[in-house]
file final-v1.cif (mmCIF, C-alpha atoms)
data_entry
#
loop_
_atom_site.label_atom_id
_atom_site.label_comp_id
_atom_site.auth_asym_id
_atom_site.auth_seq_id
_atom_site.Cartn_x
_atom_site.Cartn_y
_atom_site.Cartn_z
CA MET I 159 4.13 32.72 -38.05
CA PRO I 160 5.50 36.25 -37.38
CA SER I 161 8.12 36.88 -34.72
CA GLN I 162 6.68 37.74 -31.32
CA ILE I 163 8.45 39.80 -28.69
CA ILE I 164 7.07 39.92 -25.17
CA THR I 165 8.52 42.73 -23.07
CA ASN I 166 8.65 43.87 -19.45
CA ILE I 167 7.96 40.39 -18.11
CA LYS I 168 7.95 40.58 -14.32
CA GLN I 169 9.75 37.20 -14.03
CA LEU I 170 10.84 34.74 -16.73
CA VAL I 171 11.14 31.41 -14.92
CA ASN I 172 13.27 28.30 -15.56
CA VAL I 173 15.71 30.02 -17.91
CA ARG I 174 18.55 27.68 -18.90
CA GLU I 175 21.20 27.77 -21.62
CA GLN I 176 21.29 23.98 -21.61
CA THR I 177 19.16 21.41 -19.85
CA HIS I 178 19.64 18.05 -18.20
CA LEU I 179 17.66 15.86 -15.79
CA LEU I 180 17.83 17.51 -12.36
CA ARG I 181 18.82 15.45 -9.32
CA GLY I 182 18.82 16.14 -5.59
CA GLU I 183 19.98 19.64 -4.70
CA GLU I 184 19.76 20.77 -8.35
CA LEU I 185 15.95 20.69 -8.07
CA ALA I 186 15.98 23.69 -5.73
CA HIS I 187 17.77 25.85 -8.33
CA LEU I 188 15.23 27.59 -10.56
CA PRO I 189 16.90 30.31 -12.67
CA VAL I 190 14.77 33.45 -13.06
CA ILE I 191 15.27 36.70 -15.01
CA GLU I 192 13.53 39.74 -13.49
CA ASN I 193 12.10 42.36 -15.89
CA ALA I 194 12.75 40.23 -18.95
CA TYR I 195 11.96 40.05 -22.65
CA LEU I 196 11.28 36.95 -24.75
CA ILE I 197 11.33 36.47 -28.52
CA ILE I 198 9.48 33.59 -30.21
CA GLU I 199 9.93 32.65 -33.87
CA ASP I 200 7.89 29.94 -35.63
CA GLY I 201 6.68 28.60 -32.30
CA ILE I 202 10.22 28.22 -30.94
CA ILE I 203 12.03 30.23 -28.25
CA ALA I 204 14.55 32.32 -30.20
CA GLU I 205 15.97 34.77 -27.65
CA TYR I 206 15.47 36.11 -24.12
CA GLY I 207 17.22 38.33 -21.61
CA GLU I 208 16.96 41.37 -19.37
CA MET I 209 14.94 44.32 -20.66
CA LYS I 210 18.04 46.56 -20.71
CA ASP I 211 19.41 44.25 -23.45
CA ALA I 212 16.16 43.96 -25.41
CA PRO I 213 16.34 44.69 -29.16
CA LYS I 214 14.72 47.97 -30.18
CA VAL I 215 11.75 46.64 -32.11
CA SER I 216 8.07 47.38 -31.82
CA ALA I 217 6.70 45.09 -29.15
CA THR I 218 3.75 42.91 -30.14
CA GLY I 219 3.14 41.30 -26.76
CA GLY I 220 2.91 44.41 -24.59
CA ASP I 221 3.99 44.68 -20.97
CA LEU I 222 3.35 41.75 -18.66
CA GLU I 223 2.60 42.05 -14.96
CA GLY I 224 2.48 38.30 -14.43
CA ILE I 225 5.13 35.59 -14.56
CA ILE I 226 6.00 33.38 -17.54
CA LEU I 227 7.09 29.78 -16.93
CA PRO I 228 7.26 26.64 -19.06
CA ALA I 229 4.01 24.72 -19.49
CA TRP I 230 3.56 21.66 -17.29
CA CYS I 231 4.84 18.30 -18.58
CA ASP I 232 2.44 15.67 -17.16
CA SER I 233 4.28 12.38 -17.66
CA HIS I 234 1.75 9.90 -16.23
CA THR I 235 -1.99 9.90 -17.06
CA HIS I 236 -4.87 7.59 -18.01
CA LEU I 237 -6.77 10.38 -19.75
CA VAL I 238 -8.66 8.11 -22.17
CA PHE I 239 -11.53 6.49 -20.26
CA ALA I 240 -15.29 6.06 -20.56
CA GLY I 241 -17.37 7.67 -17.85
CA SER I 242 -16.65 8.52 -14.22
CA ARG I 243 -16.66 6.51 -10.97
CA GLU I 244 -18.13 8.88 -8.38
CA ASN I 245 -20.35 6.07 -6.99
CA GLU I 246 -17.18 4.31 -5.81
CA PHE I 247 -15.99 7.61 -4.35
CA VAL I 248 -19.15 7.68 -2.19
CA ASP I 249 -18.67 3.97 -1.27
CA LYS I 250 -15.15 4.79 -0.06
CA ILE I 251 -16.50 7.65 2.08
CA LYS I 252 -18.96 5.14 3.59
CA GLY I 253 -16.02 2.91 4.53
CA LEU I 254 -15.99 0.23 1.84
CA SER I 255 -12.56 -1.23 1.08
CA TYR I 256 -10.98 -1.49 -2.38
CA ALA I 257 -11.70 -5.26 -2.31
CA GLU I 258 -15.36 -4.71 -1.39
CA ILE I 259 -15.77 -2.13 -4.17
CA ALA I 260 -14.11 -4.52 -6.64
CA ALA I 261 -16.48 -7.31 -5.52
CA LYS I 262 -19.40 -4.99 -6.43
CA GLY I 263 -17.96 -4.70 -9.96
CA GLY I 264 -15.97 -1.55 -9.24
CA GLY I 265 -12.32 -0.64 -9.74
CA ILE I 266 -10.37 -1.02 -12.97
CA LEU I 267 -12.81 -3.71 -14.18
CA ASN I 268 -15.66 -1.17 -13.93
CA SER I 269 -13.75 1.20 -16.22
CA ALA I 270 -12.93 -1.69 -18.56
CA LYS I 271 -16.60 -2.64 -18.85
CA LYS I 272 -17.60 0.96 -19.68
CA LEU I 273 -14.74 1.36 -22.13
CA ASN I 274 -15.52 -1.80 -24.07
CA GLN I 275 -19.14 -0.62 -24.44
CA ALA I 276 -18.11 2.82 -25.77
CA SER I 277 -17.38 3.50 -29.44
CA GLU I 278 -14.03 4.86 -30.58
CA ASP I 279 -15.69 8.18 -31.47
CA GLU I 280 -17.30 8.49 -28.02
CA LEU I 281 -13.98 7.78 -26.37
CA PHE I 282 -12.18 10.30 -28.56
CA ASN I 283 -14.73 13.05 -27.88
CA GLN I 284 -14.56 12.53 -24.11
CA ALA I 285 -10.75 12.47 -24.16
CA TRP I 286 -10.54 15.55 -26.41
CA LYS I 287 -12.65 17.52 -23.92
CA ARG I 288 -10.33 16.47 -21.05
CA LEU I 289 -7.26 17.35 -23.12
CA GLU I 290 -8.66 20.83 -23.77
CA GLU I 291 -9.37 21.28 -20.06
CA VAL I 292 -5.85 20.32 -18.91
CA SER I 293 -4.23 22.45 -21.62
CA LYS I 294 -6.12 25.51 -20.31
CA LEU I 295 -4.71 24.63 -16.87
CA GLY I 296 -1.20 24.87 -18.28
CA THR I 297 -0.33 21.34 -19.44
CA GLY I 298 1.65 21.44 -22.70
CA ALA I 299 2.90 17.84 -22.85
CA ILE I 300 1.21 14.69 -21.64
CA GLU I 301 1.68 10.93 -21.55
CA ILE I 302 -1.50 8.84 -21.94
CA LYS I 303 -1.80 5.13 -21.14
CA SER I 304 -4.15 2.42 -22.32
CA GLY I 305 -5.14 -0.21 -19.73
CA TYR I 306 -8.93 0.00 -19.47
CA GLY I 307 -9.54 -2.27 -22.47
CA LEU I 308 -8.11 -5.50 -21.05
CA SER I 309 -9.01 -7.20 -24.34
CA VAL I 310 -7.33 -7.13 -27.74
CA GLU I 311 -10.13 -5.02 -29.19
CA GLY I 312 -10.41 -2.69 -26.16
CA GLU I 313 -6.70 -1.98 -25.79
CA LEU I 314 -6.29 -1.31 -29.53
CA LYS I 315 -9.33 1.00 -29.45
CA MET I 316 -7.76 3.04 -26.63
CA LEU I 317 -4.39 3.26 -28.36
CA ARG I 318 -6.01 4.32 -31.65
CA VAL I 319 -7.82 7.10 -29.77
CA ILE I 320 -4.48 8.25 -28.29
CA LYS I 321 -2.93 8.17 -31.78
CA LYS I 322 -5.79 10.35 -33.08
CA LEU I 323 -5.28 12.79 -30.19
CA LYS I 324 -1.58 12.98 -31.12
CA GLU I 325 -2.44 13.75 -34.73
CA ARG I 326 -5.03 16.44 -33.97
CA SER I 327 -3.72 18.17 -30.84
CA SER I 328 -0.98 20.81 -30.67
CA LEU I 329 0.16 19.33 -27.34
CA SER I 330 3.15 16.98 -27.25
CA ILE I 331 1.64 13.55 -26.52
CA LYS I 332 3.32 10.23 -25.70
CA SER I 333 1.44 6.92 -25.79
CA THR I 334 1.94 3.99 -23.40
CA PHE I 335 0.56 0.45 -23.74
CA LEU I 336 -0.69 -0.74 -20.33
CA GLY I 337 -2.48 -3.97 -21.26
CA ALA I 338 -1.02 -5.39 -18.03
CA HIS I 339 -3.12 -3.12 -15.76
CA THR I 340 -5.03 -5.98 -14.13
CA TYR I 341 -6.37 -9.41 -15.13
CA PRO I 342 -9.75 -9.52 -16.91
CA ILE I 343 -12.35 -11.67 -15.11
CA GLU I 344 -12.04 -14.50 -17.65
CA TYR I 345 -8.30 -14.76 -16.96
CA LYS I 346 -8.50 -14.42 -13.17
CA GLU I 347 -7.33 -18.02 -12.70
CA ASN I 348 -5.23 -18.11 -15.88
CA HIS I 349 -2.59 -15.39 -15.58
CA GLN I 350 -0.29 -16.95 -18.16
CA GLY I 351 -3.16 -17.03 -20.66
CA TYR I 352 -3.60 -13.25 -20.40
CA ILE I 353 0.13 -12.60 -20.56
CA ASP I 354 0.23 -14.74 -23.74
CA LEU I 355 -2.64 -12.66 -25.15
CA ILE I 356 -0.68 -9.43 -24.51
CA ILE I 357 2.52 -10.81 -26.04
CA ASN I 358 1.14 -12.79 -28.98
CA GLU I 359 -1.98 -10.85 -30.02
CA MET I 360 -1.75 -7.26 -28.78
CA LEU I 361 1.92 -6.35 -29.19
CA PRO I 362 2.34 -7.35 -32.87
CA ILE I 363 -0.61 -5.14 -33.95
CA ILE I 364 0.52 -2.26 -31.69
CA ALA I 365 3.95 -2.42 -33.33
CA GLU I 366 2.55 -2.72 -36.86
CA GLU I 367 0.23 0.30 -36.41
CA LYS I 368 2.85 2.28 -34.39
CA LEU I 369 0.34 2.78 -31.58
CA ALA I 370 2.67 3.18 -28.59
CA ASP I 371 5.95 4.71 -27.49
CA TYR I 372 6.22 2.86 -24.17
CA ILE I 373 5.10 -0.27 -22.34
CA ASP I 374 3.83 -0.28 -18.75
CA VAL I 375 2.87 -2.96 -16.21
CA PHE I 376 1.13 -2.59 -12.84
CA CYS I 377 3.72 -4.41 -10.74
CA GLU I 378 1.89 -5.05 -7.48
CA LYS I 379 0.68 -7.83 -5.15
CA GLY I 380 -2.49 -9.33 -6.60
CA PHE I 381 -1.68 -7.90 -10.04
CA PHE I 382 1.61 -8.59 -11.88
CA SER I 383 4.69 -9.94 -10.14
CA ALA I 384 8.20 -8.62 -10.78
CA GLU I 385 8.91 -11.70 -12.91
CA GLU I 386 5.73 -11.27 -14.96
CA THR I 387 6.54 -7.56 -15.34
CA GLU I 388 9.95 -8.43 -16.77
CA THR I 389 8.49 -11.00 -19.20
CA ILE I 390 5.89 -8.52 -20.54
CA CYS I 391 8.39 -5.64 -20.78
CA ARG I 392 10.99 -7.71 -22.61
CA ALA I 393 8.33 -8.70 -25.14
CA GLY I 394 7.47 -5.02 -25.66
CA MET I 395 11.14 -4.06 -25.88
CA GLN I 396 11.49 -6.44 -28.84
CA TYR I 397 9.20 -4.00 -30.67
CA GLY I 398 11.07 -0.90 -29.48
CA LEU I 399 8.70 -0.02 -26.61
CA LYS I 400 10.64 1.26 -23.60
CA PRO I 401 9.34 0.50 -20.10
CA LYS I 402 7.64 3.15 -17.91
CA LEU I 403 6.34 1.26 -14.90
CA HIS I 404 3.79 1.38 -12.05
CA VAL I 405 5.81 0.22 -9.02
CA ASN I 406 5.62 0.36 -5.20
CA GLN I 407 2.16 1.92 -4.93
CA LEU I 408 1.01 -0.46 -2.19
CA ASN I 409 3.89 -2.89 -1.67
CA SER I 410 7.62 -3.24 -2.37
CA ILE I 411 7.82 -6.49 -4.36
CA GLY I 412 10.90 -6.04 -6.56
CA GLY I 413 9.42 -3.70 -9.17
CA ILE I 414 12.18 -1.12 -8.69
CA GLU I 415 14.94 -3.71 -9.21
CA THR I 416 13.13 -4.99 -12.31
CA GLY I 417 12.71 -1.48 -13.74
CA ILE I 418 16.35 -0.62 -13.18
CA LYS I 419 17.44 -3.90 -14.79
CA LEU I 420 15.25 -3.11 -17.83
CA ASN I 421 16.63 0.44 -18.09
CA ALA I 422 13.12 1.91 -17.69
CA VAL I 423 12.55 5.55 -18.65
CA SER I 424 10.67 6.15 -15.40
CA LEU I 425 9.40 4.33 -12.31
CA ASP I 426 6.08 5.77 -11.16
CA HIS I 427 3.99 5.91 -7.93
CA LEU I 428 6.58 5.00 -5.23
CA GLU I 429 4.30 5.56 -2.22
CA THR I 430 5.79 2.53 -0.43
CA LEU I 431 9.59 2.68 -0.28
CA THR I 432 12.09 0.84 1.90
CA GLU I 433 15.53 2.27 2.71
CA THR I 434 16.95 -0.15 0.10
CA ASP I 435 14.47 1.13 -2.51
CA ILE I 436 15.50 4.75 -1.84
CA ALA I 437 19.19 3.82 -2.12
CA LEU I 438 18.49 2.13 -5.48
CA LEU I 439 16.54 5.13 -6.85
CA THR I 440 19.31 7.50 -5.72
CA LYS I 441 21.94 5.70 -7.81
CA TRP I 442 19.62 5.06 -10.77
CA LYS I 443 19.92 7.28 -13.86
CA GLY I 444 16.17 7.34 -14.67
CA VAL I 445 13.23 9.39 -13.38
CA SER I 446 11.27 8.63 -10.20
CA THR I 447 7.76 9.96 -10.88
CA LEU I 448 5.60 10.89 -7.90
CA LEU I 449 1.79 11.06 -8.15
CA PRO I 450 0.68 12.87 -4.99
CA THR I 451 -2.95 13.46 -6.03
CA ALA I 452 -3.52 9.67 -6.23
CA ALA I 453 -2.26 9.19 -2.66
CA PHE I 454 -4.32 12.22 -1.60
CA PHE I 455 -7.52 10.90 -3.20
CA LEU I 456 -7.01 7.39 -1.76
CA ARG I 457 -6.10 8.80 1.67
CA MET I 458 -2.75 6.98 1.56
CA PRO I 459 0.56 8.28 2.92
CA LEU I 460 2.18 10.49 0.29
CA GLN I 461 5.51 9.67 -1.32
CA PRO I 462 8.69 10.44 0.68
CA ALA I 463 9.70 13.26 -1.68
CA ARG I 464 12.01 14.98 0.82
CA GLN I 465 13.94 11.78 1.48
CA LEU I 466 14.30 11.08 -2.25
CA ILE I 467 15.46 14.62 -3.07
CA ASP I 468 17.83 14.85 -0.09
CA SER I 469 19.40 11.54 -1.06
CA GLY I 470 20.02 12.77 -4.64
CA ALA I 471 17.27 11.12 -6.71
CA ALA I 472 15.78 12.65 -9.89
CA ILE I 473 12.05 13.12 -9.33
CA ALA I 474 9.20 14.27 -11.55
CA LEU I 475 5.61 15.13 -10.63
CA ALA I 476 2.59 13.96 -12.61
CA SER I 477 -1.20 13.92 -12.17
CA ASP I 478 -2.08 10.22 -12.69
CA TYR I 479 -5.34 11.58 -14.18
CA ASN I 480 -7.76 8.59 -14.09
CA PRO I 481 -11.37 7.92 -13.06
CA GLY I 482 -10.62 5.72 -10.04
CA SER I 483 -7.81 7.21 -7.97
CA SER I 484 -7.00 10.69 -9.34
CA PRO I 485 -9.92 12.21 -11.26
CA SER I 486 -8.08 15.46 -11.94
CA GLY I 487 -5.43 16.49 -14.43
CA ASN I 488 -4.79 19.84 -12.74
CA MET I 489 -1.01 20.09 -12.49
CA ASN I 490 -1.30 23.35 -10.53
CA PHE I 491 -2.88 21.37 -7.71
CA VAL I 492 -0.22 18.63 -8.06
CA VAL I 493 2.48 21.29 -7.58
CA ALA I 494 0.66 22.87 -4.61
CA LEU I 495 0.00 19.52 -2.92
CA SER I 496 3.67 18.57 -3.34
CA CYS I 497 4.70 21.71 -1.48
CA ILE I 498 1.99 21.53 1.18
CA GLN I 499 2.04 17.81 1.96
CA MET I 500 5.44 16.55 0.72
CA ARG I 501 7.38 19.64 1.86
CA MET I 502 8.88 20.31 -1.55
CA LEU I 503 10.09 23.87 -2.14
CA PRO I 504 8.15 25.74 -4.85
CA GLU I 505 11.33 25.70 -7.00
CA GLU I 506 11.68 21.92 -6.60
CA ALA I 507 8.03 21.29 -7.44
CA ILE I 508 8.11 23.54 -10.54
CA ASN I 509 11.30 21.88 -11.82
CA ALA I 510 9.82 18.42 -11.17
CA ALA I 511 6.62 19.33 -13.07
CA THR I 512 8.39 20.96 -16.03
CA ILE I 513 11.91 19.93 -16.96
CA ASN I 514 12.02 16.57 -15.15
CA GLY I 515 8.51 15.76 -16.38
CA ALA I 516 9.79 16.39 -19.91
CA TYR I 517 12.69 13.98 -19.36
CA ALA I 518 10.23 11.37 -18.04
CA MET I 519 8.73 11.42 -21.58
CA GLU I 520 12.12 11.73 -23.34
CA LEU I 521 11.20 15.29 -24.36
CA GLY I 522 13.88 17.04 -22.30
CA ASN I 523 15.58 18.47 -25.39
CA GLU I 524 12.33 20.02 -26.66
CA LEU I 525 10.30 21.11 -23.62
CA GLY I 526 10.31 21.98 -19.95
CA GLY I 527 12.47 25.10 -19.86
CA ILE I 528 13.00 28.58 -21.28
CA THR I 529 15.87 27.61 -23.57
CA VAL I 530 16.72 28.77 -27.09
CA GLY I 531 15.50 26.14 -29.56
CA LYS I 532 12.82 24.69 -27.29
CA LYS I 533 9.14 24.78 -28.16
CA ALA I 534 7.30 27.88 -26.86
CA ASN I 535 4.93 26.02 -24.53
CA LEU I 536 4.35 28.65 -21.86
CA ILE I 537 2.15 29.58 -18.92
CA PHE I 538 1.35 33.28 -18.45
CA THR I 539 0.15 33.90 -14.90
CA LYS I 540 -2.17 36.60 -13.65
CA PRO I 541 -0.39 39.33 -11.65
CA ILE I 542 1.03 37.54 -8.57
CA PRO I 543 3.42 38.81 -5.89
CA SER I 544 5.97 35.98 -6.25
CA LEU I 545 6.60 32.48 -7.56
CA ALA I 546 5.80 30.92 -4.17
CA TYR I 547 2.30 32.41 -4.46
CA LEU I 548 1.45 29.75 -7.10
CA PRO I 549 1.43 26.75 -4.69
CA TYR I 550 0.52 28.93 -1.68
CA SER I 551 -2.78 30.10 -3.20
CA PHE I 552 -3.75 26.55 -4.18
CA GLY I 553 -7.50 27.11 -4.55
CA ASN I 554 -7.29 29.85 -7.16
CA ASN I 555 -6.73 29.61 -10.89
CA LEU I 556 -3.78 31.94 -11.35
CA ILE I 557 -3.29 31.19 -15.06
CA ASP I 558 -4.08 34.06 -17.40
CA LYS I 559 -3.12 32.49 -20.74
CA VAL I 560 -1.43 29.36 -22.09
CA MET I 561 0.73 29.26 -25.19
CA ILE I 562 1.42 26.03 -27.11
CA GLY I 563 3.99 26.16 -29.92
CA GLY I 564 3.90 29.96 -29.96
CA GLU I 565 0.10 30.23 -30.22
CA PHE I 566 -2.33 31.10 -27.44
CA ILE I 567 -4.96 28.44 -26.95
#

call {"tool": "encode", "arguments": {"input": "final-v1.cif", "output": "C-alpha cells"}}
result
Amino acid sequence: MPSQIITNIKQLVNVREQTHLLRGEELAHLPVIENAYLIIEDGIIAEYGEMKDAPKVSATGGDLEGIILPAWCDSHTHLVFAGSRENEFVDKIKGLSYAEIAAKGGGILNSAKKLNQASEDELFNQAWKRLEEVSKLGTGAIEIKSGYGLSVEGELKMLRVIKKLKERSSLSIKSTFLGAHTYPIEYKENHQGYIDLIINEMLPIIAEEKLADYIDVFCEKGFFSAEETETICRAGMQYGLKPKLHVNQLNSIGGIETGIKLNAVSLDHLETLTETDIALLTKWKGVSTLLPTAAFFLRMPLQPARQLIDSGAAIALASDYNPGSSPSGNMNFVVALSCIQMRMLPEEAINAATINGAYAMELGNELGGITVGKKANLIFTKPIPSLAYLPYSFGNNLIDKVMIGGEFI
C-alpha cells in the first residue's frame, strides 16, 4: 500500500503522542491540530502535524475542508440476530409492559426462537449487511455478543457467525459469549440446569474452537443473580474469557461488586446507580460503558453520566445494537444523545466513543486516537463549522468518507 499524505485538514481531532484510559476531567480534553497534515503508511498512522511542518511531497489526498477524527469504537452490541421486533415496538406504544410482551412470546425469547430457526448462512448475511451499514456510519471497531441462541447449538451458531465476520471484515471485531442472557423456557424452573449446560457443554467447545474473547452475563432481577453471575464468569475465566458484564440496567443487585471482584474489562448499562455504586465505579480501574440509546428506546431514565464523570469514573459510550431495545448501531446518534440528554460535552462524548471505547475492548494500544503506530481507522466529515456541530446537528449524516486500515470503504 503506497504512502498517503492528506494535507490542509481543517481539524485533526484526538491527536495524542501516547494514550491511556481517560477518567473524569480528562474526558473533556480533546487535543486538536488546526490546518494539519496526516501521513499513513501500510494502513498505519505514520506522521502528523501542522501544515507549516508538512514534508514537501506531492499530496495524494488533496485539501480537506472537513474534520478528521478516529473511527468510533462500539464496545457493546448484539449485532448478530435473526429478524426484527417492530411488532413489540408497536405493543409498547399501545402500553403493554415488558412482562405482557414476554407473555405473548416476545422479548429475548422471541429473538431466540427466530435465531434457532435461521441457518448459519442466513445469520451471517444479515449480520454482514448490518456491519457494512455501521461501518459507513463511522464504526471501525465493534464488540458482538451471542445470547439469542440459549441452546448449545444456537449459541455456537452465533459465535461461529461472529468468528466468520472477524475473518472476512476489515473492522476490528471482538466476540463475547452471552449464553447467560436469560433462561430458555425449558429451564425456567431449573436455573441450575441451564447454568450447568453453559459451563459443561457450551464453554468447552467455545474454548476449543476459539469462538470468544469475553464472557458476559445479564445480572438482573428475574435473570441471573450476582452469585450466579460469579459462578458463570469464573467458569469462563478458566478458559481465558474475561468478563464484560450487563449490570444495573433495571436494579442494583450486586452486579457492580461482582464485576469489580472478577476484574471485569467493562461493566455495561448502569442506568440504575446508587451513591455506593457510583463511589465503587469511581475507584475502579475498568471501564463503565453507557448505552444511552437503549434507555432512550425503552423510555427509561438515562445513565447519570455527569455524576460519573464529575466523580472521576472512566466511561465509554456504545450502541447496544439489538432488535429489542436499541435497533440502531449509529454511533453518531449515540454521541449526540449523550450530549443532548446526558449533558456530556462534545469532547467528552467523542473521547468516550473513541479512545475509551477502544479500551473497553482492550484495543486501546491500536485504535481510538490519532497516534503514530495506531491503525488508520478514520472518519472524514463533510465541511462543518466546528466539532460541536457533530452532536448539535443530530439528524444529519455529516460523514463524507470512512477509512479502515488506510483504505476508504

call {"tool": "resolve_selection", "arguments": {"input": "final-v1.cif", "expression": "the PyMOL selection byres ((chain I and resi 529) around 9)", "output": "ChimeraX atom specification"}}
result
/I:172-177,203-206,524-528,530-533

call {"tool": "closest_residue", "arguments": {"input": "final-v1.cif", "among": "I:Pro342, I:Cys231, I:Pro362, I:Thr387", "to": "I:Ser330", "atoms": "only C-alpha atoms"}}
result
I:Cys231

call {"tool": "closest_residue", "arguments": {"input": "final-v1.cif", "among": "I:Ala471, I:Ile363, I:Leu521, I:Leu196", "to": "I:Asn166", "atoms": "only C-alpha atoms"}}
result
I:Leu196

call {"tool": "resolve_selection", "arguments": {"input": "final-v1.cif", "expression": "the PyMOL selection byres ((chain I and resi 492-501) around 10)", "output": "PyMOL selection string"}}
result
chain I and resi 230+232+448-452+454+459-465+475-478+486-491+502-511+546-553

call {"tool": "resolve_selection", "arguments": {"input": "final-v1.cif", "expression": "the PyMOL selection byres ((chain I and resi 378-386) around 10)", "output": "ChimeraX atom specification"}}
result
/I:338-341,346,349-350,353,375-377,387-392,404-417

call {"tool": "closest_residue", "arguments": {"input": "final-v1.cif", "among": "I:Leu403, I:Ile542, I:Leu317, I:Leu361", "to": "I:Leu420", "atoms": "all atoms listed in the file"}}
result
I:Leu403

call {"tool": "closest_residue", "arguments": {"input": "final-v1.cif", "among": "I:Leu222, I:Gln396, I:Ser483, I:Pro541", "to": "I:Lys250", "atoms": "all atoms listed in the file"}}
result
I:Ser483

call {"tool": "residues_around", "arguments": {"input": "final-v1.cif", "residues": "I:Gly265", "least_positions_apart": "6", "cutoff": "10 Å", "atoms": "all atoms listed in the file", "output": "PyMOL selection string"}}
result
chain I and resi 243+246+256-259+481-483

call {"tool": "residues_around", "arguments": {"input": "final-v1.cif", "residues": "I:Leu466", "least_positions_apart": "3", "cutoff": "8 Å", "atoms": "all atoms listed in the file", "output": "PyMOL selection string"}}
result
chain I and resi 182+436+439-440+462-463+469-473

call {"tool": "residues_around", "arguments": {"input": "final-v1.cif", "residues": "I:Ile562", "least_positions_apart": "6", "cutoff": "9 Å", "atoms": "only C-alpha atoms", "output": "PDB file with C-alpha atoms, in the frame of the given file"}}
result
ATOM      1  CA  GLY I 201       6.680  28.600 -32.300  1.00  0.00           C
ATOM      2  CA  ALA I 229       4.010  24.720 -19.490  1.00  0.00           C
ATOM      3  CA  SER I 293      -4.230  22.450 -21.620  1.00  0.00           C
ATOM      4  CA  GLY I 298       1.650  21.440 -22.700  1.00  0.00           C
ATOM      5  CA  SER I 328      -0.980  20.810 -30.670  1.00  0.00           C
ATOM      6  CA  LEU I 329       0.160  19.330 -27.340  1.00  0.00           C
ATOM      7  CA  LYS I 533       9.140  24.780 -28.160  1.00  0.00           C
ATOM      8  CA  ALA I 534       7.300  27.880 -26.860  1.00  0.00           C
ATOM      9  CA  ASN I 535       4.930  26.020 -24.530  1.00  0.00           C
ATOM     10  CA  LEU I 536       4.350  28.650 -21.860  1.00  0.00           C
ATOM     11  CA  ILE I 537       2.150  29.580 -18.920  1.00  0.00           C
TER      12      ILE I 537
END

call {"tool": "atom_distance", "arguments": {"input": "final-v1.cif", "atom1": "atom CA of I:Trp286", "atom2": "atom CA of I:Ala240"}}
result
12.1 Å
